[in-house]
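Student: Contents of query_10.cif (mmCIF, N, CA and C atoms) are given next:
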data_protein
loop_
_atom_site.label_atom_id
_atom_site.label_comp_id
_atom_site.auth_asym_id
_atom_site.auth_seq_id
_atom_site.Cartn_x
_atom_site.Cartn_y
_atom_site.Cartn_z
N MET Z 1 -17.90 33.10 -42.52
CA MET Z 1 -16.81 32.31 -43.06
C MET Z 1 -15.85 33.21 -43.83
N ALA Z 2 -14.56 32.94 -43.68
CA ALA Z 2 -13.55 33.76 -44.34
C ALA Z 2 -13.51 33.47 -45.83
N ARG Z 3 -13.18 34.50 -46.58
CA ARG Z 3 -13.05 34.32 -48.03
C ARG Z 3 -11.88 33.41 -48.34
N PRO Z 4 -11.97 32.62 -49.41
CA PRO Z 4 -10.85 31.76 -49.80
C PRO Z 4 -9.67 32.60 -50.29
N LEU Z 5 -8.51 32.01 -50.23
CA LEU Z 5 -7.31 32.71 -50.71
C LEU Z 5 -7.36 32.85 -52.22
N GLY Z 6 -6.85 33.99 -52.70
CA GLY Z 6 -6.76 34.24 -54.13
C GLY Z 6 -5.58 33.52 -54.74
N ARG Z 7 -5.50 33.56 -56.06
CA ARG Z 7 -4.44 32.87 -56.79
C ARG Z 7 -3.06 33.37 -56.40
N HIS Z 8 -2.88 34.66 -56.32
CA HIS Z 8 -1.56 35.20 -55.96
C HIS Z 8 -1.24 34.93 -54.50
N GLN Z 9 -2.24 34.98 -53.64
CA GLN Z 9 -2.00 34.66 -52.23
C GLN Z 9 -1.53 33.21 -52.08
N LEU Z 10 -2.18 32.29 -52.78
CA LEU Z 10 -1.77 30.89 -52.72
C LEU Z 10 -0.37 30.68 -53.30
N THR Z 11 -0.08 31.39 -54.39
CA THR Z 11 1.24 31.29 -55.01
C THR Z 11 2.33 31.74 -54.05
N VAL Z 12 2.12 32.90 -53.42
CA VAL Z 12 3.12 33.45 -52.50
C VAL Z 12 3.23 32.59 -51.25
N LEU Z 13 2.10 32.14 -50.71
CA LEU Z 13 2.13 31.30 -49.51
C LEU Z 13 2.84 29.98 -49.79
N SER Z 14 2.59 29.39 -50.94
CA SER Z 14 3.24 28.15 -51.31
C SER Z 14 4.75 28.35 -51.50
N ALA Z 15 5.13 29.41 -52.17
CA ALA Z 15 6.57 29.70 -52.36
C ALA Z 15 7.24 29.97 -51.02
N LEU Z 16 6.55 30.68 -50.14
CA LEU Z 16 7.08 30.98 -48.82
C LEU Z 16 7.32 29.68 -48.04
N ALA Z 17 6.40 28.74 -48.17
CA ALA Z 17 6.54 27.46 -47.46
C ALA Z 17 7.68 26.62 -48.03
N ARG Z 18 7.88 26.65 -49.34
CA ARG Z 18 8.86 25.78 -49.98
C ARG Z 18 10.27 26.34 -50.03
N LEU Z 19 10.41 27.65 -50.07
CA LEU Z 19 11.72 28.25 -50.32
C LEU Z 19 12.28 28.97 -49.10
N ASN Z 20 13.58 29.02 -49.00
CA ASN Z 20 14.31 29.78 -47.98
C ASN Z 20 13.90 29.46 -46.55
N GLY Z 21 13.54 28.22 -46.29
CA GLY Z 21 13.21 27.82 -44.92
C GLY Z 21 11.97 28.48 -44.36
N GLY Z 22 11.07 28.90 -45.24
CA GLY Z 22 9.81 29.49 -44.78
C GLY Z 22 9.87 30.97 -44.49
N ALA Z 23 10.91 31.66 -44.96
CA ALA Z 23 11.05 33.09 -44.69
C ALA Z 23 11.29 33.87 -45.99
N TRP Z 24 10.95 35.16 -45.98
CA TRP Z 24 11.14 36.03 -47.14
C TRP Z 24 11.55 37.42 -46.66
N THR Z 25 12.53 37.99 -47.34
CA THR Z 25 12.93 39.39 -47.14
C THR Z 25 13.05 40.04 -48.51
N VAL Z 26 13.20 41.34 -48.54
CA VAL Z 26 13.25 42.07 -49.81
C VAL Z 26 14.40 41.58 -50.69
N GLY Z 27 15.52 41.23 -50.14
CA GLY Z 27 16.66 40.77 -50.93
C GLY Z 27 16.60 39.29 -51.28
N CYS Z 28 15.49 38.66 -51.03
CA CYS Z 28 15.31 37.23 -51.26
C CYS Z 28 15.40 36.93 -52.76
N GLY Z 29 15.63 35.67 -53.10
CA GLY Z 29 15.80 35.28 -54.49
C GLY Z 29 14.52 35.15 -55.29
N TRP Z 30 13.36 35.23 -54.67
CA TRP Z 30 12.11 35.10 -55.42
C TRP Z 30 11.16 36.23 -55.05
N GLN Z 31 10.31 36.56 -55.99
CA GLN Z 31 9.27 37.56 -55.78
C GLN Z 31 8.18 37.35 -56.83
N LEU Z 32 7.00 37.91 -56.57
CA LEU Z 32 5.90 37.84 -57.52
C LEU Z 32 5.74 39.22 -58.14
N ARG Z 33 5.98 39.34 -59.41
CA ARG Z 33 5.98 40.60 -60.17
C ARG Z 33 7.09 41.52 -59.72
N SER Z 34 6.99 42.06 -58.49
CA SER Z 34 8.01 42.96 -57.94
C SER Z 34 8.05 42.78 -56.43
N ALA Z 35 9.07 43.34 -55.81
CA ALA Z 35 9.18 43.24 -54.36
C ALA Z 35 8.00 43.96 -53.68
N ALA Z 36 7.61 45.12 -54.21
CA ALA Z 36 6.49 45.87 -53.63
C ALA Z 36 5.18 45.08 -53.71
N TYR Z 37 4.95 44.41 -54.84
CA TYR Z 37 3.72 43.63 -54.99
C TYR Z 37 3.76 42.40 -54.07
N THR Z 38 4.92 41.77 -53.94
CA THR Z 38 5.06 40.63 -53.05
C THR Z 38 4.76 41.05 -51.62
N ILE Z 39 5.25 42.21 -51.21
CA ILE Z 39 4.97 42.72 -49.86
C ILE Z 39 3.49 42.96 -49.67
N ARG Z 40 2.81 43.50 -50.69
CA ARG Z 40 1.36 43.71 -50.59
C ARG Z 40 0.63 42.39 -50.35
N VAL Z 41 1.01 41.38 -51.12
CA VAL Z 41 0.36 40.07 -50.97
C VAL Z 41 0.70 39.47 -49.60
N LEU Z 42 1.97 39.56 -49.18
CA LEU Z 42 2.36 39.04 -47.87
C LEU Z 42 1.62 39.75 -46.74
N ASP Z 43 1.39 41.06 -46.88
CA ASP Z 43 0.65 41.79 -45.85
C ASP Z 43 -0.79 41.31 -45.73
N THR Z 44 -1.41 40.90 -46.85
CA THR Z 44 -2.76 40.35 -46.75
C THR Z 44 -2.73 39.00 -46.03
N LEU Z 45 -1.64 38.25 -46.20
CA LEU Z 45 -1.50 36.97 -45.49
C LEU Z 45 -1.20 37.18 -44.02
N VAL Z 46 -0.53 38.28 -43.68
CA VAL Z 46 -0.30 38.63 -42.27
C VAL Z 46 -1.64 38.93 -41.60
N GLN Z 47 -2.54 39.63 -42.29
CA GLN Z 47 -3.85 39.93 -41.73
C GLN Z 47 -4.64 38.67 -41.43
N ARG Z 48 -4.42 37.61 -42.18
CA ARG Z 48 -5.13 36.34 -41.96
C ARG Z 48 -4.38 35.43 -40.99
N ASP Z 49 -3.26 35.86 -40.46
CA ASP Z 49 -2.42 35.09 -39.53
C ASP Z 49 -1.78 33.87 -40.17
N TYR Z 50 -1.58 33.88 -41.49
CA TYR Z 50 -0.88 32.80 -42.17
C TYR Z 50 0.62 33.10 -42.23
N VAL Z 51 0.99 34.34 -42.01
CA VAL Z 51 2.37 34.80 -42.09
C VAL Z 51 2.60 35.80 -40.95
N THR Z 52 3.80 35.82 -40.40
CA THR Z 52 4.16 36.84 -39.42
C THR Z 52 5.20 37.76 -40.05
N ARG Z 53 5.25 39.00 -39.57
CA ARG Z 53 6.22 39.98 -40.08
C ARG Z 53 7.02 40.52 -38.91
N THR Z 54 8.33 40.46 -39.03
CA THR Z 54 9.21 41.06 -38.05
C THR Z 54 9.48 42.49 -38.48
N SER Z 55 9.06 43.44 -37.68
CA SER Z 55 9.15 44.85 -38.07
C SER Z 55 10.58 45.33 -38.27
N ALA Z 56 11.47 44.94 -37.40
CA ALA Z 56 12.84 45.44 -37.46
C ALA Z 56 13.57 45.02 -38.74
N THR Z 57 13.36 43.80 -39.19
CA THR Z 57 14.09 43.30 -40.35
C THR Z 57 13.23 43.17 -41.59
N ALA Z 58 11.94 43.45 -41.49
CA ALA Z 58 10.98 43.28 -42.59
C ALA Z 58 11.05 41.86 -43.14
N ARG Z 59 11.14 40.91 -42.24
CA ARG Z 59 11.22 39.48 -42.58
C ARG Z 59 9.84 38.86 -42.38
N TYR Z 60 9.37 38.16 -43.40
CA TYR Z 60 8.08 37.48 -43.34
C TYR Z 60 8.34 35.99 -43.15
N THR Z 61 7.59 35.36 -42.25
CA THR Z 61 7.76 33.95 -41.94
C THR Z 61 6.40 33.26 -41.92
N ILE Z 62 6.31 32.09 -42.52
CA ILE Z 62 5.06 31.35 -42.55
C ILE Z 62 4.74 30.81 -41.15
N THR Z 63 3.45 30.75 -40.82
CA THR Z 63 3.01 30.24 -39.52
C THR Z 63 2.42 28.85 -39.68
N GLU Z 64 2.12 28.24 -38.57
CA GLU Z 64 1.47 26.93 -38.57
C GLU Z 64 0.13 26.99 -39.31
N ALA Z 65 -0.62 28.08 -39.11
CA ALA Z 65 -1.90 28.24 -39.81
C ALA Z 65 -1.70 28.35 -41.31
N GLY Z 66 -0.61 28.98 -41.74
CA GLY Z 66 -0.30 29.07 -43.17
C GLY Z 66 0.00 27.70 -43.76
N LEU Z 67 0.75 26.88 -43.02
CA LEU Z 67 1.01 25.52 -43.48
C LEU Z 67 -0.29 24.72 -43.55
N ASN Z 68 -1.15 24.89 -42.54
CA ASN Z 68 -2.43 24.18 -42.54
C ASN Z 68 -3.29 24.60 -43.72
N ALA Z 69 -3.24 25.87 -44.10
CA ALA Z 69 -4.02 26.35 -45.25
C ALA Z 69 -3.55 25.68 -46.54
N LEU Z 70 -2.27 25.29 -46.59
CA LEU Z 70 -1.72 24.60 -47.76
C LEU Z 70 -1.92 23.08 -47.68
N GLY Z 71 -2.47 22.62 -46.57
CA GLY Z 71 -2.71 21.18 -46.42
C GLY Z 71 -1.62 20.44 -45.68
N TRP Z 72 -0.69 21.15 -45.03
CA TRP Z 72 0.38 20.53 -44.26
C TRP Z 72 0.07 20.66 -42.79
N TYR Z 73 0.28 19.59 -42.04
CA TYR Z 73 0.05 19.58 -40.60
C TYR Z 73 1.29 19.05 -39.91
N THR Z 74 1.57 19.54 -38.71
CA THR Z 74 2.72 19.10 -37.95
C THR Z 74 2.29 18.05 -36.95
N CYS Z 75 2.99 16.93 -36.94
CA CYS Z 75 2.70 15.85 -36.02
C CYS Z 75 2.97 16.33 -34.59
N GLY Z 76 2.05 16.02 -33.69
CA GLY Z 76 2.20 16.43 -32.29
C GLY Z 76 3.27 15.66 -31.56
N SER Z 77 3.70 14.51 -32.08
CA SER Z 77 4.70 13.68 -31.41
C SER Z 77 6.11 13.94 -31.92
N CYS Z 78 6.29 13.92 -33.24
CA CYS Z 78 7.65 13.99 -33.79
C CYS Z 78 7.94 15.29 -34.55
N THR Z 79 6.98 16.16 -34.71
CA THR Z 79 7.07 17.45 -35.42
C THR Z 79 7.35 17.31 -36.91
N ARG Z 80 7.13 16.13 -37.49
CA ARG Z 80 7.25 15.98 -38.94
C ARG Z 80 6.05 16.63 -39.61
N LEU Z 81 6.24 17.09 -40.83
CA LEU Z 81 5.13 17.61 -41.61
C LEU Z 81 4.47 16.47 -42.36
N THR Z 82 3.15 16.49 -42.41
CA THR Z 82 2.42 15.43 -43.09
C THR Z 82 1.23 16.02 -43.83
N ARG Z 83 0.91 15.42 -44.97
CA ARG Z 83 -0.28 15.83 -45.72
C ARG Z 83 -1.47 14.93 -45.40
N SER Z 84 -1.24 13.85 -44.70
CA SER Z 84 -2.34 12.95 -44.34
C SER Z 84 -2.30 12.70 -42.84
N PRO Z 85 -2.75 13.68 -42.05
CA PRO Z 85 -2.69 13.54 -40.60
C PRO Z 85 -3.73 12.55 -40.08
N MET Z 86 -3.39 11.90 -39.00
CA MET Z 86 -4.33 11.05 -38.27
C MET Z 86 -4.72 11.85 -37.03
N ILE Z 87 -5.99 12.13 -36.91
CA ILE Z 87 -6.45 12.95 -35.78
C ILE Z 87 -6.99 12.02 -34.70
N GLU Z 88 -6.33 12.04 -33.55
CA GLU Z 88 -6.77 11.24 -32.42
C GLU Z 88 -7.71 12.08 -31.57
N ARG Z 89 -8.85 11.54 -31.28
CA ARG Z 89 -9.81 12.25 -30.45
C ARG Z 89 -10.08 11.42 -29.20
N SER Z 90 -9.92 12.04 -28.07
CA SER Z 90 -10.28 11.38 -26.82
C SER Z 90 -11.28 12.27 -26.09
N PRO Z 91 -12.20 11.69 -25.36
CA PRO Z 91 -13.26 12.49 -24.74
C PRO Z 91 -12.77 13.49 -23.70
N ASP Z 92 -11.62 13.24 -23.10
CA ASP Z 92 -11.16 14.12 -22.03
C ASP Z 92 -10.07 15.11 -22.44
N SER Z 93 -9.63 15.09 -23.71
CA SER Z 93 -8.59 16.04 -24.12
C SER Z 93 -8.87 16.55 -25.53
N ALA Z 94 -8.09 17.53 -25.93
CA ALA Z 94 -8.24 18.14 -27.25
C ALA Z 94 -7.76 17.16 -28.33
N PRO Z 95 -8.26 17.31 -29.56
CA PRO Z 95 -7.78 16.45 -30.65
C PRO Z 95 -6.28 16.60 -30.85
N ARG Z 96 -5.63 15.52 -31.22
CA ARG Z 96 -4.18 15.53 -31.40
C ARG Z 96 -3.85 15.03 -32.80
N VAL Z 97 -3.02 15.78 -33.52
CA VAL Z 97 -2.60 15.42 -34.87
C VAL Z 97 -1.35 14.55 -34.77
N ARG Z 98 -1.39 13.40 -35.46
CA ARG Z 98 -0.25 12.51 -35.49
C ARG Z 98 -0.01 12.08 -36.93
N CYS Z 99 1.24 11.79 -37.26
CA CYS Z 99 1.55 11.31 -38.60
C CYS Z 99 1.41 9.79 -38.63
N SER Z 100 1.33 9.23 -39.82
CA SER Z 100 1.16 7.78 -39.95
C SER Z 100 2.38 7.03 -39.43
N TRP Z 101 3.56 7.63 -39.50
CA TRP Z 101 4.76 6.98 -38.99
C TRP Z 101 4.66 6.78 -37.49
N CYS Z 102 4.20 7.79 -36.77
CA CYS Z 102 4.09 7.68 -35.31
C CYS Z 102 3.01 6.68 -34.92
N LEU Z 103 1.92 6.65 -35.66
CA LEU Z 103 0.86 5.69 -35.35
C LEU Z 103 1.29 4.27 -35.69
N GLY Z 104 2.10 4.10 -36.74
CA GLY Z 104 2.52 2.78 -37.16
C GLY Z 104 3.57 2.18 -36.25
N SER Z 105 4.51 2.98 -35.80
CA SER Z 105 5.62 2.44 -35.01
C SER Z 105 5.34 2.52 -33.51
N ARG Z 106 4.50 3.43 -33.10
CA ARG Z 106 4.18 3.66 -31.69
C ARG Z 106 5.41 4.02 -30.86
N THR Z 107 6.49 4.41 -31.54
CA THR Z 107 7.66 4.91 -30.84
C THR Z 107 8.01 6.25 -31.41
N ARG Z 108 8.63 7.04 -30.62
CA ARG Z 108 8.98 8.39 -31.03
C ARG Z 108 10.36 8.41 -31.67
N PRO Z 109 10.53 9.09 -32.81
CA PRO Z 109 11.85 9.16 -33.43
C PRO Z 109 12.79 10.04 -32.60
N PRO Z 110 14.08 9.95 -32.84
CA PRO Z 110 15.01 10.81 -32.12
C PRO Z 110 14.66 12.29 -32.30
N SER Z 111 14.93 13.08 -31.30
CA SER Z 111 14.62 14.51 -31.34
C SER Z 111 15.31 15.20 -32.50
N GLY Z 112 14.55 16.02 -33.25
CA GLY Z 112 15.11 16.78 -34.36
C GLY Z 112 15.19 16.02 -35.65
N ASP Z 113 14.81 14.76 -35.65
CA ASP Z 113 14.86 13.95 -36.86
C ASP Z 113 13.78 14.41 -37.82
N SER Z 114 14.11 14.52 -39.09
CA SER Z 114 13.13 14.91 -40.10
C SER Z 114 12.75 13.70 -40.93
N ALA Z 115 11.82 13.89 -41.83
CA ALA Z 115 11.34 12.80 -42.66
C ALA Z 115 12.43 12.24 -43.57
N HIS Z 116 13.44 12.99 -43.88
CA HIS Z 116 14.49 12.55 -44.81
C HIS Z 116 15.79 12.24 -44.09
N GLY Z 117 15.75 12.10 -42.77
CA GLY Z 117 16.95 11.74 -42.03
C GLY Z 117 17.88 12.90 -41.73
N ARG Z 118 17.52 14.10 -42.13
CA ARG Z 118 18.37 15.25 -41.86
C ARG Z 118 17.89 15.96 -40.61
N MET Z 119 18.80 16.62 -39.93
CA MET Z 119 18.43 17.38 -38.74
C MET Z 119 17.85 18.72 -39.15
N ARG Z 120 16.82 19.14 -38.44
CA ARG Z 120 16.22 20.45 -38.69
C ARG Z 120 16.71 21.40 -37.62
N GLY Z 121 17.38 22.44 -38.02
CA GLY Z 121 17.84 23.43 -37.07
C GLY Z 121 17.09 24.74 -37.25
N HIS Z 122 16.89 25.44 -36.16
CA HIS Z 122 16.22 26.74 -36.21
C HIS Z 122 17.20 27.81 -35.74
N PRO Z 123 17.29 28.91 -36.46
CA PRO Z 123 18.16 29.98 -35.98
C PRO Z 123 17.64 30.46 -34.63
N PRO Z 124 18.52 30.77 -33.69
CA PRO Z 124 18.07 31.18 -32.36
C PRO Z 124 17.32 32.51 -32.37
N TYR Z 125 17.46 33.32 -33.40
CA TYR Z 125 16.82 34.63 -33.44
C TYR Z 125 15.46 34.60 -34.12
N ALA Z 126 15.07 33.51 -34.71
CA ALA Z 126 13.85 33.45 -35.49
C ALA Z 126 12.76 32.64 -34.79
N ALA Z 127 11.52 32.92 -35.16
CA ALA Z 127 10.41 32.13 -34.67
C ALA Z 127 10.51 30.72 -35.26
N PRO Z 128 9.87 29.73 -34.64
CA PRO Z 128 9.94 28.38 -35.18
C PRO Z 128 9.44 28.35 -36.63
N MET Z 129 10.21 27.72 -37.51
CA MET Z 129 9.85 27.63 -38.91
C MET Z 129 9.76 26.17 -39.31
N HIS Z 130 8.96 25.87 -40.30
CA HIS Z 130 8.82 24.52 -40.81
C HIS Z 130 9.10 24.55 -42.30
N ARG Z 131 9.90 23.64 -42.74
CA ARG Z 131 10.24 23.56 -44.15
C ARG Z 131 9.31 22.54 -44.83
N VAL Z 132 8.72 22.91 -45.92
CA VAL Z 132 7.82 22.05 -46.65
C VAL Z 132 8.56 21.45 -47.83
N PRO Z 133 8.54 20.13 -47.99
CA PRO Z 133 9.21 19.52 -49.13
C PRO Z 133 8.62 19.99 -50.45
N ALA Z 134 9.44 20.11 -51.47
CA ALA Z 134 8.97 20.57 -52.78
C ALA Z 134 8.16 19.52 -53.48
#
Output the structure of this file as structure tokens.

Tutor:
Amino acid sequence: MARPLGRHQLTVLSALARLNGGAWTVGCGWQLRSAAYTIRVLDTLVQRDYVTRTSATARYTITEAGLNALGWYTCGSCTRLTRSPMIERSPDSAPRVRCSWCLGSRTRPPSGDSAHGRMRGHPPYAAPMHRVPA
């Protein structure tokens, strides 16, 4: 079993999820102690696959596994983030995560719709990112 995340790892992972659309670079507005220390902590999260690092730009981005470590799951139907997922299990397929909104309405929301009615856009040059509400 993997060791649990340390206090600084959780702090950085949480800040990464909440701020700047899930990404961090050296010129970013937040850091823990110093930029060098933040990079050290982010590199330990890269080793655990909670964060990815783009070598060319030194940009760190949170992954789906990083969101899951914080207790956030992405709905398989509408891509909303939820802290209380409903896991559907069927004998012939893999488990599927759904949010309570999708289970309650049984209809799919318009594409790109977020929980607050705003559209979520992804830069074409970046990996898919998920924004976590504060």

Student: Starting from the displayed file, determine the output of the PyMOL selection byres (((chain Z and resi 38-52 and name CA) around 12) and name CA) and express the residue list as a PyMOL selection string.

Tutor: chain Z and resi 2-17+22-28+30-37+53-55+57-70+126-129

Student: Counting all atoms listed in the file, which of Z:Leu19, Z:Arg96, Z:Pro91, Z:Ser84 gets nearest to Gly71 of chain Z?

Tutor: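 The closest residue to Gly71 of chain Z is Z:Ser84.
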
Student: Have a look at atom CA of Thr82 of chain Z and atom CA of Cys99 of chain Z and let me know their distance in Å, one decimal.

Tutor: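 So the two atoms, atom CA of Thr82 of chain Z and atom CA of Cys99 of chain Z, lie 6.2 Å apart.
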
Student: When you draw a straight line from atom CA of Thr74 of chain Z to atom CA of Gly29 of chain Z, how long is it in Å?

Tutor: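 Separation of atom CA of Thr74 of chain Z and atom CA of Gly29 of chain Z: 26.6 Å.
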
Student: Mind pulling up the distance from atom CA of Met86 of chain Z to atom N of Asn20 of chain Z?

Tutor: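 According to the coordinates, atom N of Asn20 of chain Z and atom CA of Met86 of chain Z are separated by 27.5 Å.
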
Student: Build an axis-aligned box that encloses every atom of segment 34-51 of chain Z listed in the file, pad it by 3 Å on each side, and report its centre and edge lengths in Å to one decimal, as AutoDock Vina command-line options.

Tutor:
--center_x 2.0 --center_y 39.3 --center_z -49.0 --size_x 20.3 --size_y 19.1 --size_z 25.0
